[in-house]
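> Just coords37.cif, nothing more (mmCIF, C-alpha atoms):
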data_query
#
loop_
_atom_site.label_atom_id
_atom_site.label_comp_id
_atom_site.auth_asym_id
_atom_site.auth_seq_id
_atom_site.Cartn_x
_atom_site.Cartn_y
_atom_site.Cartn_z
CA MET H 1039 217.53 -10.33 188.01
CA LEU H 1040 218.28 -10.96 184.34
CA THR H 1041 216.74 -8.12 182.35
CA ARG H 1042 215.52 -8.57 178.80
CA PRO H 1043 218.43 -6.62 177.20
CA ARG H 1044 220.99 -8.67 179.16
CA PHE H 1045 219.18 -11.86 178.21
CA TYR H 1046 219.40 -10.94 174.53
CA ASP H 1047 223.07 -10.03 174.96
CA ALA H 1048 223.75 -13.43 176.51
CA LEU H 1049 221.91 -15.18 173.68
CA ALA H 1050 223.98 -13.23 171.16
CA LEU H 1051 227.21 -14.15 172.96
CA GLY H 1052 226.19 -17.80 172.87
CA LEU H 1053 225.39 -17.58 169.17
CA PHE H 1054 228.81 -16.07 168.49
CA ILE H 1055 230.52 -18.92 170.37
CA HIS H 1056 228.46 -21.62 168.67
CA LEU H 1057 229.08 -20.10 165.23
CA ALA H 1058 232.80 -19.77 165.90
CA THR H 1059 233.10 -23.51 166.51
CA LEU H 1060 231.55 -24.47 163.16
CA LEU H 1061 234.93 -24.28 161.40
CA MET H 1062 236.74 -26.39 164.01
CA PRO H 1063 237.61 -29.87 162.70
CA GLY H 1064 235.59 -31.88 165.23
CA HIS H 1065 236.18 -35.54 166.06
CA ASP H 1066 236.43 -38.68 163.92
CA ASP H 1067 232.71 -38.99 163.26
CA VAL H 1068 232.64 -35.72 161.31
CA ILE H 1069 234.25 -37.64 158.44
CA ALA H 1070 231.42 -40.16 158.65
CA TRP H 1071 228.82 -37.36 158.50
CA LYS H 1072 230.46 -36.09 155.29
CA ILE H 1073 230.44 -39.54 153.71
CA TRP H 1074 226.87 -40.25 154.78
CA SER H 1075 225.59 -36.87 153.58
CA PHE H 1076 227.14 -37.53 150.16
CA ALA H 1077 225.68 -41.06 149.93
CA ALA H 1078 222.27 -39.96 151.27
CA SER H 1079 222.06 -37.17 148.71
CA HIS H 1080 222.32 -39.79 145.94
CA ASP H 1081 220.40 -42.84 147.19
CA VAL H 1082 219.40 -42.83 150.84
CA THR H 1083 217.51 -46.15 150.80
CA ALA H 1084 220.58 -48.02 149.54
CA MET H 1085 222.84 -46.94 152.39
CA TYR H 1086 222.33 -50.03 154.54
CA GLY H 1087 222.74 -52.26 151.48
CA VAL H 1088 220.02 -53.88 149.38
CA GLY H 1089 219.17 -57.57 149.23
CA GLY H 1090 221.51 -60.51 149.27
CA SER H 1091 221.10 -63.96 150.74
CA PRO H 1092 222.23 -63.65 153.44
CA PRO H 1093 221.71 -59.86 153.43
CA THR H 1094 224.80 -57.83 152.57
CA ARG H 1095 226.14 -54.97 154.69
CA GLY H 1096 226.12 -51.75 152.71
CA LEU H 1097 229.25 -49.64 152.28
CA VAL H 1098 229.22 -45.98 151.28
CA SER H 1099 232.19 -44.03 149.96
CA TRP H 1100 233.30 -40.49 149.18
CA ASP H 1101 236.63 -38.79 148.49
CA GLY H 1102 238.66 -41.95 149.09
CA HIS H 1103 236.88 -42.78 152.35
CA GLU H 1104 234.63 -45.81 152.84
CA THR H 1105 232.46 -46.78 155.77
CA SER H 1106 229.27 -48.58 156.75
CA VAL H 1107 226.10 -47.05 158.19
CA ASN H 1108 224.52 -47.88 161.54
CA TYR H 1109 222.30 -44.90 162.39
CA PRO H 1110 218.48 -45.04 162.07
CA PRO H 1111 216.54 -43.74 159.05
CA VAL H 1112 215.49 -40.27 160.27
CA PHE H 1113 219.11 -39.29 160.75
CA LEU H 1114 219.84 -40.39 157.18
CA TYR H 1115 216.86 -38.41 155.87
CA GLU H 1116 218.13 -35.31 157.66
CA TYR H 1117 221.58 -35.66 156.17
CA ALA H 1118 220.13 -36.39 152.75
CA VAL H 1119 218.71 -32.86 152.90
CA VAL H 1120 222.12 -31.52 153.97
CA GLY H 1121 223.82 -33.41 151.15
CA ARG H 1122 221.40 -32.27 148.46
CA LEU H 1123 221.65 -28.64 149.48
CA TYR H 1124 225.45 -28.82 149.48
CA ARG H 1125 225.53 -30.64 146.15
CA ALA H 1126 223.24 -28.00 144.62
CA VAL H 1127 225.88 -25.38 145.39
CA TYR H 1128 228.99 -27.58 144.93
CA PRO H 1129 228.13 -30.33 142.38
CA ALA H 1130 231.61 -31.92 142.70
CA TYR H 1131 231.07 -32.35 146.47
CA PRO H 1132 234.55 -31.12 147.48
CA ASP H 1133 235.92 -31.58 151.00
CA SER H 1134 235.75 -27.89 151.82
CA ALA H 1135 235.18 -25.67 154.82
CA ALA H 1136 231.65 -25.21 153.49
CA LEU H 1137 231.03 -28.97 153.79
CA LEU H 1138 232.37 -28.96 157.36
CA VAL H 1139 229.92 -26.18 158.22
CA ALA H 1140 227.10 -27.89 156.33
CA VAL H 1141 227.31 -31.15 158.31
CA LYS H 1142 227.36 -29.20 161.58
CA LEU H 1143 224.49 -26.81 160.77
CA PRO H 1144 221.72 -29.31 161.70
CA VAL H 1145 223.29 -29.55 165.17
CA LEU H 1146 223.31 -25.76 165.51
CA ALA H 1147 219.68 -25.60 164.38
CA ALA H 1148 218.72 -28.28 166.92
CA SER H 1149 220.56 -26.46 169.72
CA ILE H 1150 218.76 -23.22 168.87
CA GLY H 1151 215.46 -25.11 168.77
CA LEU H 1152 216.10 -26.73 172.15
CA THR H 1153 217.03 -23.39 173.71
CA ALA H 1154 213.73 -21.94 172.48
CA LEU H 1155 211.83 -25.03 173.62
CA LEU H 1156 213.24 -24.82 177.14
CA PHE H 1157 212.35 -21.13 177.33
CA PHE H 1158 208.75 -21.48 176.19
CA VAL H 1159 208.02 -24.66 178.18
CA VAL H 1160 209.35 -23.20 181.43
CA ARG H 1161 207.56 -19.90 180.86
CA ARG H 1162 204.27 -21.69 180.17
CA ILE H 1163 204.56 -23.74 183.35
CA SER H 1164 205.77 -20.96 185.63
CA GLY H 1165 204.03 -17.99 184.03
CA ARG H 1166 207.25 -15.98 184.53
CA ASP H 1167 210.12 -14.91 182.31
CA GLU H 1168 212.93 -15.19 184.87
CA PRO H 1169 213.06 -19.02 185.20
CA ALA H 1170 212.47 -19.31 181.45
CA ARG H 1171 215.47 -17.10 180.70
CA TRP H 1172 217.54 -19.05 183.21
CA ALA H 1173 216.61 -22.35 181.48
CA ALA H 1174 217.47 -21.03 178.01
CA LEU H 1175 220.87 -19.70 179.06
CA ALA H 1176 221.68 -22.68 181.31
CA TYR H 1177 221.61 -24.79 178.17
CA TRP H 1178 222.72 -22.32 175.47
CA LEU H 1179 225.82 -21.13 177.38
CA ASN H 1180 226.55 -24.49 179.00
CA PRO H 1181 229.99 -25.79 177.92
CA VAL H 1182 228.33 -29.15 177.29
CA SER H 1183 226.16 -27.66 174.53
CA ILE H 1184 229.32 -26.33 172.88
CA VAL H 1185 231.84 -29.20 173.17
CA GLY H 1186 229.01 -31.71 172.84
CA GLY H 1187 227.61 -29.97 169.78
CA GLU H 1188 229.13 -27.97 166.95
CA MET H 1189 232.70 -27.85 168.27
CA LEU H 1190 233.35 -31.58 168.04
CA GLY H 1191 230.54 -32.48 165.68
CA TYR H 1192 228.43 -34.55 168.07
CA VAL H 1193 224.92 -34.90 166.63
CA ASP H 1194 223.09 -35.66 169.87
CA PRO H 1195 221.04 -32.41 169.88
CA LEU H 1196 219.24 -33.80 166.83
CA PHE H 1197 217.64 -36.49 168.98
CA TYR H 1198 217.19 -34.83 172.34
CA LEU H 1199 215.28 -31.91 170.86
CA PRO H 1200 212.36 -34.15 169.74
CA ALA H 1201 212.76 -36.36 172.83
CA ILE H 1202 212.33 -33.44 175.25
CA ALA H 1203 209.59 -31.98 173.05
CA GLY H 1204 207.79 -35.33 173.34
CA LEU H 1205 208.13 -35.28 177.12
CA ALA H 1206 206.71 -31.75 177.27
CA LEU H 1207 203.84 -32.61 174.92
CA ALA H 1208 202.95 -35.61 177.07
CA TYR H 1209 202.79 -33.31 180.10
CA PHE H 1210 200.59 -30.84 178.20
CA ARG H 1211 198.20 -33.67 177.29
CA ARG H 1212 199.12 -33.99 173.62
CA PRO H 1213 199.87 -37.72 173.57
CA TRP H 1214 199.62 -38.21 169.81
CA TRP H 1215 202.14 -35.51 168.97
CA ALA H 1216 204.24 -36.66 171.91
CA GLY H 1217 204.42 -40.16 170.43
CA VAL H 1218 205.44 -38.75 167.05
CA CYS H 1219 208.24 -36.67 168.59
CA VAL H 1220 209.69 -39.52 170.64
CA ALA H 1221 209.57 -41.83 167.62
CA VAL H 1222 211.49 -39.22 165.59
CA ALA H 1223 214.05 -39.05 168.41
CA VAL H 1224 214.51 -42.83 168.54
CA CYS H 1225 214.75 -42.99 164.74
CA THR H 1226 217.46 -40.34 164.88
CA LYS H 1227 219.63 -42.04 167.50
CA PRO H 1228 218.64 -45.13 169.53
CA GLN H 1229 219.88 -43.63 172.80
CA ALA H 1230 216.69 -41.55 172.84
CA ILE H 1231 214.96 -44.64 174.20
CA LEU H 1232 216.31 -43.63 177.62
CA ILE H 1233 213.53 -41.02 177.79
CA GLY H 1234 211.05 -43.94 177.68
CA PRO H 1235 210.44 -44.50 181.43
CA ALA H 1236 209.93 -40.79 182.18
CA PHE H 1237 207.82 -40.42 179.03
CA ALA H 1238 205.58 -43.36 179.98
CA LEU H 1239 205.14 -42.09 183.54
CA THR H 1240 204.28 -38.58 182.27
CA LEU H 1241 201.68 -40.03 179.91
CA TRP H 1242 200.18 -42.05 182.75
CA GLN H 1243 199.93 -39.01 185.01
CA ALA H 1244 198.43 -36.91 182.19
CA GLY H 1245 195.82 -39.32 180.85
CA ARG H 1246 196.32 -42.87 182.13
CA LEU H 1247 195.78 -45.67 179.60
CA THR H 1248 194.10 -43.44 177.03
CA ALA H 1249 197.18 -41.22 176.75
CA ILE H 1250 199.56 -44.20 176.65
CA ALA H 1251 197.48 -45.88 173.94
CA GLY H 1252 197.34 -42.73 171.81
CA ALA H 1253 201.07 -42.10 172.12
CA SER H 1254 201.82 -45.76 171.36
CA VAL H 1255 199.79 -45.68 168.15
CA ALA H 1256 201.47 -42.45 167.05
CA PHE H 1257 204.91 -43.79 167.98
CA SER H 1258 204.37 -47.04 166.07
CA GLY H 1259 202.92 -45.28 163.04
CA THR H 1260 205.84 -42.87 162.84
CA LEU H 1261 208.28 -45.76 163.22
CA VAL H 1262 206.61 -47.62 160.35
CA LEU H 1263 206.60 -44.55 158.11
CA SER H 1264 210.32 -43.98 158.73
CA ILE H 1265 211.30 -47.47 157.59
CA LEU H 1266 208.69 -47.85 154.85
CA PRO H 1267 210.97 -46.55 152.05
CA PHE H 1268 213.60 -49.12 153.00
CA TYR H 1269 210.98 -51.86 153.09
CA ALA H 1270 209.77 -50.86 149.62
CA ARG H 1271 213.37 -50.99 148.38
CA GLY H 1272 213.90 -54.48 149.82
CA ALA H 1273 216.53 -53.18 152.24
CA LEU H 1274 214.84 -54.00 155.54
CA PRO H 1275 216.98 -57.11 156.28
CA ASN H 1276 220.07 -55.05 155.52
CA MET H 1277 218.88 -52.41 157.97
CA TRP H 1278 218.51 -55.01 160.73
CA LEU H 1279 221.99 -56.27 159.90
CA ALA H 1280 223.37 -52.74 160.24
CA PHE H 1281 221.69 -52.24 163.61
CA GLY H 1282 222.96 -55.63 164.73
CA SER H 1283 226.49 -54.33 164.27
CA PHE H 1284 226.11 -52.54 167.59
CA ASP H 1285 226.45 -55.90 169.34
CA ALA H 1286 229.79 -56.56 167.66
CA ARG H 1287 231.14 -53.33 169.16
CA ARG H 1288 229.85 -53.96 172.67
CA ASP H 1289 233.01 -55.62 173.91
CA THR H 1290 234.46 -53.05 176.30
CA LEU H 1291 233.88 -52.42 179.97
CA SER H 1292 233.93 -48.71 179.14
CA ALA H 1293 234.55 -46.89 175.87
CA LEU H 1294 236.41 -43.95 177.48
CA ALA H 1295 233.40 -43.08 179.64
CA ALA H 1296 233.76 -41.84 183.23
CA ASN H 1297 231.88 -44.76 184.74
CA LEU H 1298 232.16 -47.92 186.81
CA GLY H 1299 233.65 -49.90 183.94
CA TRP H 1300 236.53 -47.44 183.61
CA ILE H 1301 237.32 -47.83 187.32
CA VAL H 1302 237.41 -51.62 186.94
CA ASN H 1303 239.62 -51.21 183.87
CA TRP H 1304 242.08 -49.03 185.83
CA TRP H 1305 242.08 -51.37 188.83
CA LEU H 1306 242.76 -54.54 186.83
CA ARG H 1307 245.47 -52.94 184.70
CA ALA H 1308 247.14 -51.58 187.84
CA ARG H 1309 247.08 -54.98 189.50
CA GLU H 1310 248.59 -56.61 186.42
CA GLY H 1311 251.31 -53.95 186.40
CA LEU H 1312 252.35 -54.44 190.02
CA PRO H 1313 255.29 -56.79 189.24
CA GLU H 1314 256.77 -54.27 186.80
CA TRP H 1315 255.82 -50.91 188.33
CA GLY H 1316 255.35 -51.76 192.00
CA PHE H 1317 253.07 -50.02 194.48
CA PRO H 1318 251.89 -47.30 194.19
CA GLY H 1319 253.43 -46.75 190.75
CA ALA H 1320 251.13 -49.25 189.03
CA PHE H 1321 248.09 -47.29 190.22
CA LEU H 1322 249.53 -43.91 189.21
CA ARG H 1323 249.99 -44.66 185.54
CA ARG H 1324 247.95 -43.16 182.71
CA VAL H 1325 245.08 -45.39 181.49
CA ASP H 1326 244.77 -45.12 177.72
CA ASN H 1327 243.05 -48.27 176.49
CA PRO H 1328 239.65 -49.73 177.34
CA LEU H 1329 239.56 -53.33 178.56
CA SER H 1330 237.49 -55.69 176.45
CA ILE H 1331 234.84 -57.85 178.06
CA THR H 1332 236.41 -60.80 176.24
CA ARG H 1333 239.71 -60.19 178.05
CA PHE H 1334 237.86 -59.55 181.32
CA ARG H 1335 236.30 -63.00 181.06
CA GLU H 1336 239.64 -64.59 180.10
CA LEU H 1337 240.96 -63.29 183.41
CA GLY H 1338 238.34 -65.46 185.12
CA TYR H 1339 235.61 -62.90 185.72
CA PHE H 1340 231.93 -63.08 184.76
CA ASP H 1341 230.17 -61.38 181.85
CA PRO H 1342 229.16 -58.02 183.39
CA ARG H 1343 226.41 -57.23 180.89
CA PRO H 1344 223.49 -59.14 182.48
CA LEU H 1345 224.30 -57.73 185.93
CA ALA H 1346 224.60 -54.22 184.46
CA ARG H 1347 221.17 -54.54 182.83
CA VAL H 1348 219.63 -55.59 186.13
CA ALA H 1349 221.34 -52.67 187.90
CA VAL H 1350 220.14 -50.10 185.35
CA ILE H 1351 216.59 -51.48 185.35
CA SER H 1352 216.53 -51.54 189.16
CA ALA H 1353 217.78 -47.96 189.45
CA THR H 1354 215.25 -46.80 186.86
CA ALA H 1355 212.41 -48.65 188.59
CA TRP H 1356 213.41 -47.07 191.91
CA GLY H 1357 213.40 -43.62 190.29
CA ALA H 1358 209.97 -44.29 188.79
CA TRP H 1359 208.67 -45.35 192.21
CA LEU H 1360 209.86 -42.06 193.71
CA ALA H 1361 208.41 -39.95 190.90
CA ARG H 1362 205.13 -41.85 190.58
CA ARG H 1363 203.06 -39.34 192.56
CA SER H 1364 204.55 -36.23 191.05
CA ARG H 1365 202.52 -34.40 188.45
CA ASP H 1366 205.01 -31.72 187.44
CA LEU H 1367 207.25 -31.76 184.38
CA PRO H 1368 210.48 -30.76 186.18
CA MET H 1369 210.26 -33.90 188.33
CA MET H 1370 209.67 -36.04 185.24
CA ALA H 1371 212.68 -34.41 183.56
CA ALA H 1372 214.78 -35.11 186.65
CA PHE H 1373 213.67 -38.75 186.56
CA GLY H 1374 214.67 -38.89 182.89
CA ALA H 1375 218.07 -37.39 183.71
CA PHE H 1376 218.53 -39.91 186.53
CA THR H 1377 217.80 -42.75 184.09
CA VAL H 1378 220.49 -41.45 181.74
CA HIS H 1379 222.98 -41.09 184.60
CA ALA H 1380 222.32 -44.62 185.87
CA PHE H 1381 222.69 -46.03 182.37
CA PHE H 1382 225.94 -44.15 181.82
CA VAL H 1383 227.54 -45.11 185.13
CA LEU H 1384 226.42 -48.74 185.36
CA SER H 1385 226.44 -50.00 181.76
CA PRO H 1386 229.47 -51.44 179.95
CA ASN H 1387 230.67 -50.12 176.57
CA VAL H 1388 229.18 -46.68 177.15
CA HIS H 1389 230.94 -43.93 175.19
CA GLU H 1390 232.07 -40.56 176.55
CA SER H 1391 229.18 -38.78 174.77
CA HIS H 1392 226.34 -40.88 176.17
CA GLN H 1393 225.88 -38.65 179.21
CA LEU H 1394 225.16 -35.57 177.09
CA PHE H 1395 221.42 -36.23 177.12
CA GLU H 1396 221.34 -35.80 180.89
CA VAL H 1397 222.25 -32.11 180.75
CA PRO H 1398 219.21 -30.59 178.93
CA LEU H 1399 216.91 -32.78 181.02
CA LEU H 1400 218.55 -31.47 184.20
CA VAL H 1401 218.25 -27.90 182.89
CA LEU H 1402 214.50 -28.39 182.54
CA ALA H 1403 214.32 -29.84 186.06
CA ALA H 1404 216.54 -27.20 187.67
CA ALA H 1405 214.74 -24.23 186.12
CA LEU H 1406 211.71 -24.82 188.35
CA ARG H 1407 213.26 -26.97 191.08
CA PRO H 1408 216.36 -24.96 192.05
CA ARG H 1409 217.79 -27.66 194.32
CA PHE H 1410 218.79 -29.54 191.17
CA ARG H 1411 221.03 -26.66 190.06
CA SER H 1412 224.13 -27.73 191.98
CA LEU H 1413 223.68 -31.20 190.51
CA LEU H 1414 223.40 -29.69 187.02
CA ALA H 1415 226.67 -27.78 187.56
CA ALA H 1416 228.49 -30.93 188.71
CA VAL H 1417 227.20 -33.06 185.82
CA SER H 1418 228.08 -30.32 183.32
CA VAL H 1419 231.68 -30.23 184.55
CA ILE H 1420 231.95 -34.03 184.47
CA VAL H 1421 230.57 -34.34 180.94
CA THR H 1422 232.74 -31.49 179.63
CA LEU H 1423 235.93 -32.91 181.14
CA ASN H 1424 235.11 -36.45 179.98
CA ILE H 1425 234.77 -35.26 176.39
CA ASN H 1426 237.69 -32.85 176.57
CA TYR H 1427 240.31 -35.31 177.81
CA VAL H 1428 239.40 -37.60 174.89
CA TYR H 1429 239.24 -35.08 172.02
CA GLY H 1430 240.45 -31.73 173.29
CA ALA H 1431 239.23 -28.96 171.00
CA GLY H 1432 239.14 -31.28 167.98
CA LEU H 1433 241.34 -33.52 165.88
CA GLY H 1434 244.88 -32.17 165.76
CA MET H 1435 244.05 -29.09 167.84
CA GLY H 1436 245.09 -30.23 171.30
CA TRP H 1437 243.80 -28.30 174.33
CA ASN H 1438 243.12 -31.56 176.17
CA VAL H 1439 243.06 -31.14 179.93
CA PRO H 1440 246.33 -32.64 181.34
CA ARG H 1441 245.20 -35.99 182.66
CA MET H 1442 248.25 -36.61 184.83
CA MET H 1443 248.14 -33.28 186.64
CA THR H 1444 246.65 -35.30 189.50
CA SER H 1445 248.44 -38.19 191.17
CA ILE H 1446 245.96 -40.66 189.70
CA ASP H 1447 244.86 -40.34 186.06
CA LEU H 1448 242.18 -37.63 185.95
CA SER H 1449 239.93 -39.92 183.91
CA VAL H 1450 239.88 -42.39 186.80
CA LEU H 1451 239.17 -39.71 189.40
CA LEU H 1452 236.40 -38.37 187.16
CA ALA H 1453 234.87 -41.85 187.03
CA PHE H 1454 234.90 -42.11 190.83
CA VAL H 1455 233.27 -38.67 191.10
CA ASN H 1456 230.61 -39.61 188.55
CA VAL H 1457 229.71 -42.77 190.47
CA GLY H 1458 229.45 -40.64 193.62
CA VAL H 1459 227.23 -38.15 191.80
CA LEU H 1460 224.84 -40.99 190.94
CA PHE H 1461 224.27 -41.55 194.67
CA TRP H 1462 223.97 -37.79 195.22
CA PHE H 1463 221.41 -37.66 192.42
CA ALA H 1464 219.47 -40.53 193.99
CA ARG H 1465 219.37 -38.73 197.32
CA ARG H 1466 218.30 -35.48 195.70
CA LEU H 1467 215.58 -37.25 193.74
CA TRP H 1468 214.33 -38.81 196.99
CA THR H 1469 214.26 -35.39 198.70
CA GLU H 1470 212.48 -33.67 195.81
CA ALA H 1471 209.91 -36.45 195.52
CA ALA H 1472 209.00 -35.96 199.15
CA ALA H 1473 208.80 -32.16 198.85
#
Please lay out the structure from this file as structure tokens.

Amino acid sequence: MLTRPRFYDALALGLFIHLATLLMPGHDDVIAWKIWSFAASHDVTAMYGVGGSPPTRGLVSWDGHETSVNYPPVFLYEYAVVGRLYRAVYPAYPDSAALLVAVKLPVLAASIGLTALLFFVVRRISGRDEPARWAALAYWLNPVSIVGGEMLGYVDPLFYLPAIAGLALAYFRRPWWAGVCVAVAVCTKPQAILIGPAFALTLWQAGRLTAIAGASVAFSGTLVLSILPFYARGALPNMWLAFGSFDARRDTLSALAANLGWIVNWWLRAREGLPEWGFPGAFLRRVDNPLSITRFRELGYFDPRPLARVAVISATAWGAWLARRSRDLPMMAAFGAFTVHAFFVLSPNVHESHQLFEVPLLVLAAALRPRFRSLLAAVSVIVTLNINYVYGAGLGMGWNVPRMMTSIDLSVLLAFVNVGVLFWFARRLWTEAAA
């Protein structure tokens, strides 16, 4: 049994680890967060661009770097606060260690907030401290919360804190506040929409159409308020143009993600390499580059995107059917995690970080349904390895797991395992729904 002193010691250890990673360089996007925080601190509503016929795509610059913006408004508002606080202390906005820490601090704050949220939600449901402490530490000390947070500069905790809060509020029959929280999540990073099916089902179980209507009004109102400053500035068309840029980047079977697309990428590249490398050498080579969907179609294959959408929707609908009679939050969280896993494994152009959201949802499920704990452990290892073999401990730091220590590239084996875990998850969801 985890006593209170040991629980506090574990929390302190986690805080030390999280704080220690703030000064690590992170991945490529950390540079973008610095540029965006600088631009947002000056004129946040101009970041997508303003006006033009046709609308122009906005560019922001800082310290010799220039980039465009494609994240939703709430994220920009958050980093406008970061930028203004940093500029108040350092008016010249130098590229310092303090700036590196500043752009990572919101992630640390969100991780602390999510740890507290998991603790209090689980304690309220169970009425006991033990599962609540387990939930808090299962997230706070999870390697995913470290490599997928402050260490590499991923900002995902900023959206899954309000997303999971919205799910919990829906369960506790607070549909209006639930709608606000989920809208904030979606306006922070669009991937938060994956909580939608579990959120809708939770609302239905809690209050039927009345709850769904209340949450929908709150969601829509929050969405409108978040974009209103851009509308007033005349930058709404530019915002849509920026969001449309996602389509231009959706031309890979897998963007270094351990999923079905990466397996297809490996298989096709190996087959093309047979004349030069022979068998089995062609299948035992390292796979470094994603295969574009354009090239996939040039080889005579079909566009996989429509089929992938049908597969994800079908898997999600099946999960909803299983969970439809459940009235407990852990089962809804498990359904949400299953939706994320299905999306990650079956969709093309998914990035290595897009499975991060599954972990805190599984923590919430496993805290009160212990049979999900082995699944949580497996997913945590997969997500950590998937991120590590891409970025290691950060740009220029190394510490990447040796991908060729296995006969077949570890990234390929990891993809096969992750596909297998999807079926394991489906079976576990079926078992738990019948329990």
> H:Leu1329, H:Ala1208, H:Met1370, H:Val1397: which is nearest Gly1245 of chain H, counting all atoms listed in the file?
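Of all the options, H:Ala1208 lies closest to Gly1245 of chain H.
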> Determine, counting all atoms listed in the file, which protein, DNA and RNA residues have an atom within 12 Å of an atom of Phe1376 of chain H; residues of the same chain fewer than 5 positions away are not included. Present the result as JSON, numbers by chain.
{"H": [1232, 1233, 1235, 1236, 1350, 1351, 1353, 1354, 1355, 1356, 1357, 1358, 1360, 1361, 1369, 1370, 1371, 1381, 1382, 1383, 1384, 1393, 1395, 1396, 1397, 1399, 1400, 1403, 1410, 1413, 1414, 1417, 1459, 1460, 1461, 1462, 1463, 1464, 1465, 1466, 1467, 1468]}
> Run the PyMOL selection byres ((chain H and resi 1250) around 12) mentally over the shown coordinates, then write out the matched residues as a PDB file with C-alpha atoms, in the frame of the given file, using the chain letters and numbers from the document.

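Saved to selection-v2.pdb:
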ATOM      1  CA  ALA H1208     202.950 -35.610 177.070  1.00  0.00           C
ATOM      2  CA  TYR H1209     202.790 -33.310 180.100  1.00  0.00           C
ATOM      3  CA  ARG H1211     198.200 -33.670 177.290  1.00  0.00           C
ATOM      4  CA  ARG H1212     199.120 -33.990 173.620  1.00  0.00           C
ATOM      5  CA  PRO H1213     199.870 -37.720 173.570  1.00  0.00           C
ATOM      6  CA  TRP H1214     199.620 -38.210 169.810  1.00  0.00           C
ATOM      7  CA  TRP H1215     202.140 -35.510 168.970  1.00  0.00           C
ATOM      8  CA  ALA H1216     204.240 -36.660 171.910  1.00  0.00           C
ATOM      9  CA  GLY H1217     204.420 -40.160 170.430  1.00  0.00           C
ATOM     10  CA  GLY H1234     211.050 -43.940 177.680  1.00  0.00           C
ATOM     11  CA  PRO H1235     210.440 -44.500 181.430  1.00  0.00           C
ATOM     12  CA  PHE H1237     207.820 -40.420 179.030  1.00  0.00           C
ATOM     13  CA  ALA H1238     205.580 -43.360 179.980  1.00  0.00           C
ATOM     14  CA  LEU H1239     205.140 -42.090 183.540  1.00  0.00           C
ATOM     15  CA  THR H1240     204.280 -38.580 182.270  1.00  0.00           C
ATOM     16  CA  LEU H1241     201.680 -40.030 179.910  1.00  0.00           C
ATOM     17  CA  TRP H1242     200.180 -42.050 182.750  1.00  0.00           C
ATOM     18  CA  GLN H1243     199.930 -39.010 185.010  1.00  0.00           C
ATOM     19  CA  ALA H1244     198.430 -36.910 182.190  1.00  0.00           C
ATOM     20  CA  GLY H1245     195.820 -39.320 180.850  1.00  0.00           C
ATOM     21  CA  ARG H1246     196.320 -42.870 182.130  1.00  0.00           C
ATOM     22  CA  LEU H1247     195.780 -45.670 179.600  1.00  0.00           C
ATOM     23  CA  THR H1248     194.100 -43.440 177.030  1.00  0.00           C
ATOM     24  CA  ALA H1249     197.180 -41.220 176.750  1.00  0.00           C
ATOM     25  CA  ALA H1251     197.480 -45.880 173.940  1.00  0.00           C
ATOM     26  CA  GLY H1252     197.340 -42.730 171.810  1.00  0.00           C
ATOM     27  CA  ALA H1253     201.070 -42.100 172.120  1.00  0.00           C
ATOM     28  CA  SER H1254     201.820 -45.760 171.360  1.00  0.00           C
ATOM     29  CA  VAL H1255     199.790 -45.680 168.150  1.00  0.00           C
ATOM     30  CA  ALA H1256     201.470 -42.450 167.050  1.00  0.00           C
ATOM     31  CA  PHE H1257     204.910 -43.790 167.980  1.00  0.00           C
ATOM     32  CA  SER H1258     204.370 -47.040 166.070  1.00  0.00           C
TER      33      SER H1258
END
> Translate the PyMOL selection byres ((chain H and resi 1389) around 6) into a concrete residue list for this structure, as number ranges by chain.
H: 1293-1295, 1388, 1390-1392
> So, with only C-alpha atoms as the atoms that count, which of H:Gly1259, H:Gly1204, H:Pro1313, H:Gly1052 lies closest to Pro1181 of chain H?
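Smallest separation from Pro1181 of chain H among the options: H:Gly1052.
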> Run the PyMOL selection byres ((chain H and resi 1076) around 12) mentally over the shown coordinates, then write out the matched residues as number ranges by chain, using the chain letters and numbers from the document.
H: 1069-1075, 1077-1082, 1085, 1098-1101, 1103-1104, 1114-1126, 1128-1133, 1137, 1140-1141
> Considering all atoms listed in the file, state which residue in the set H:Pro1275, H:Gly1187, H:Gly1089, H:Pro1169 is at the smallest distance from Gly1432 of chain H.
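With all atoms listed in the file as the atom set, the closest residue is H:Gly1187.
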> For the atom pair atom CA of Pro1386 of chain H and atom CA of Val1401 of chain H, what is the interatomic distance in Å to one decimal place?
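For atom CA of Pro1386 of chain H relative to atom CA of Val1401 of chain H, the distance reads 26.2 Å.
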> Figure out the distance between atom CA of Glu1188 of chain H and atom CA of Leu1060 of chain H, please, to one decimal in Å.
5.7 Å
> Restricting the calculation to all atoms listed in the file: of H:Val1159, H:Ala1453, H:Met1442, H:Ala1372, which residue gets closest to Pro1408 of chain H?
H:Ala1372
> For atom CA of Ile1425 of chain H and atom CA of Gly1191 of chain H, determine how far apart the two atoms are, in Å to one decimal place.
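Distance reported for this atom pair: 11.8 Å.
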> Could you give me, as a list in words, the residues that sit within 12 Å of (209.8, -16.7, 179.8) in the file's coordinates, counting all atoms listed in the file?
Leu1040, Thr1041, Arg1042, Phe1045, Thr1153, Ala1154, Leu1155, Leu1156, Phe1157, Phe1158, Val1159, Val1160, Arg1161, Arg1162, Ile1163, Ser1164, Gly1165, Arg1166, Asp1167, Glu1168, Pro1169, Ala1170, Arg1171, Trp1172, Ala1173, Ala1174, Leu1175, Ala1405 and Leu1406 of chain H
> Have a look at H:Leu1448, H:Thr1290, H:Ser1091, H:Thr1377 and name the one nearest to Asn1426 of chain H; count all atoms listed in the file.
H:Leu1448
> Of the candidates H:Arg1343, H:His1056, H:Arg1307, H:Lys1227, which shows the shortest atom-to-atom distance to Tyr1198 of chain H, using all atoms listed in the file?
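Nearest to Tyr1198 of chain H: H:Lys1227.
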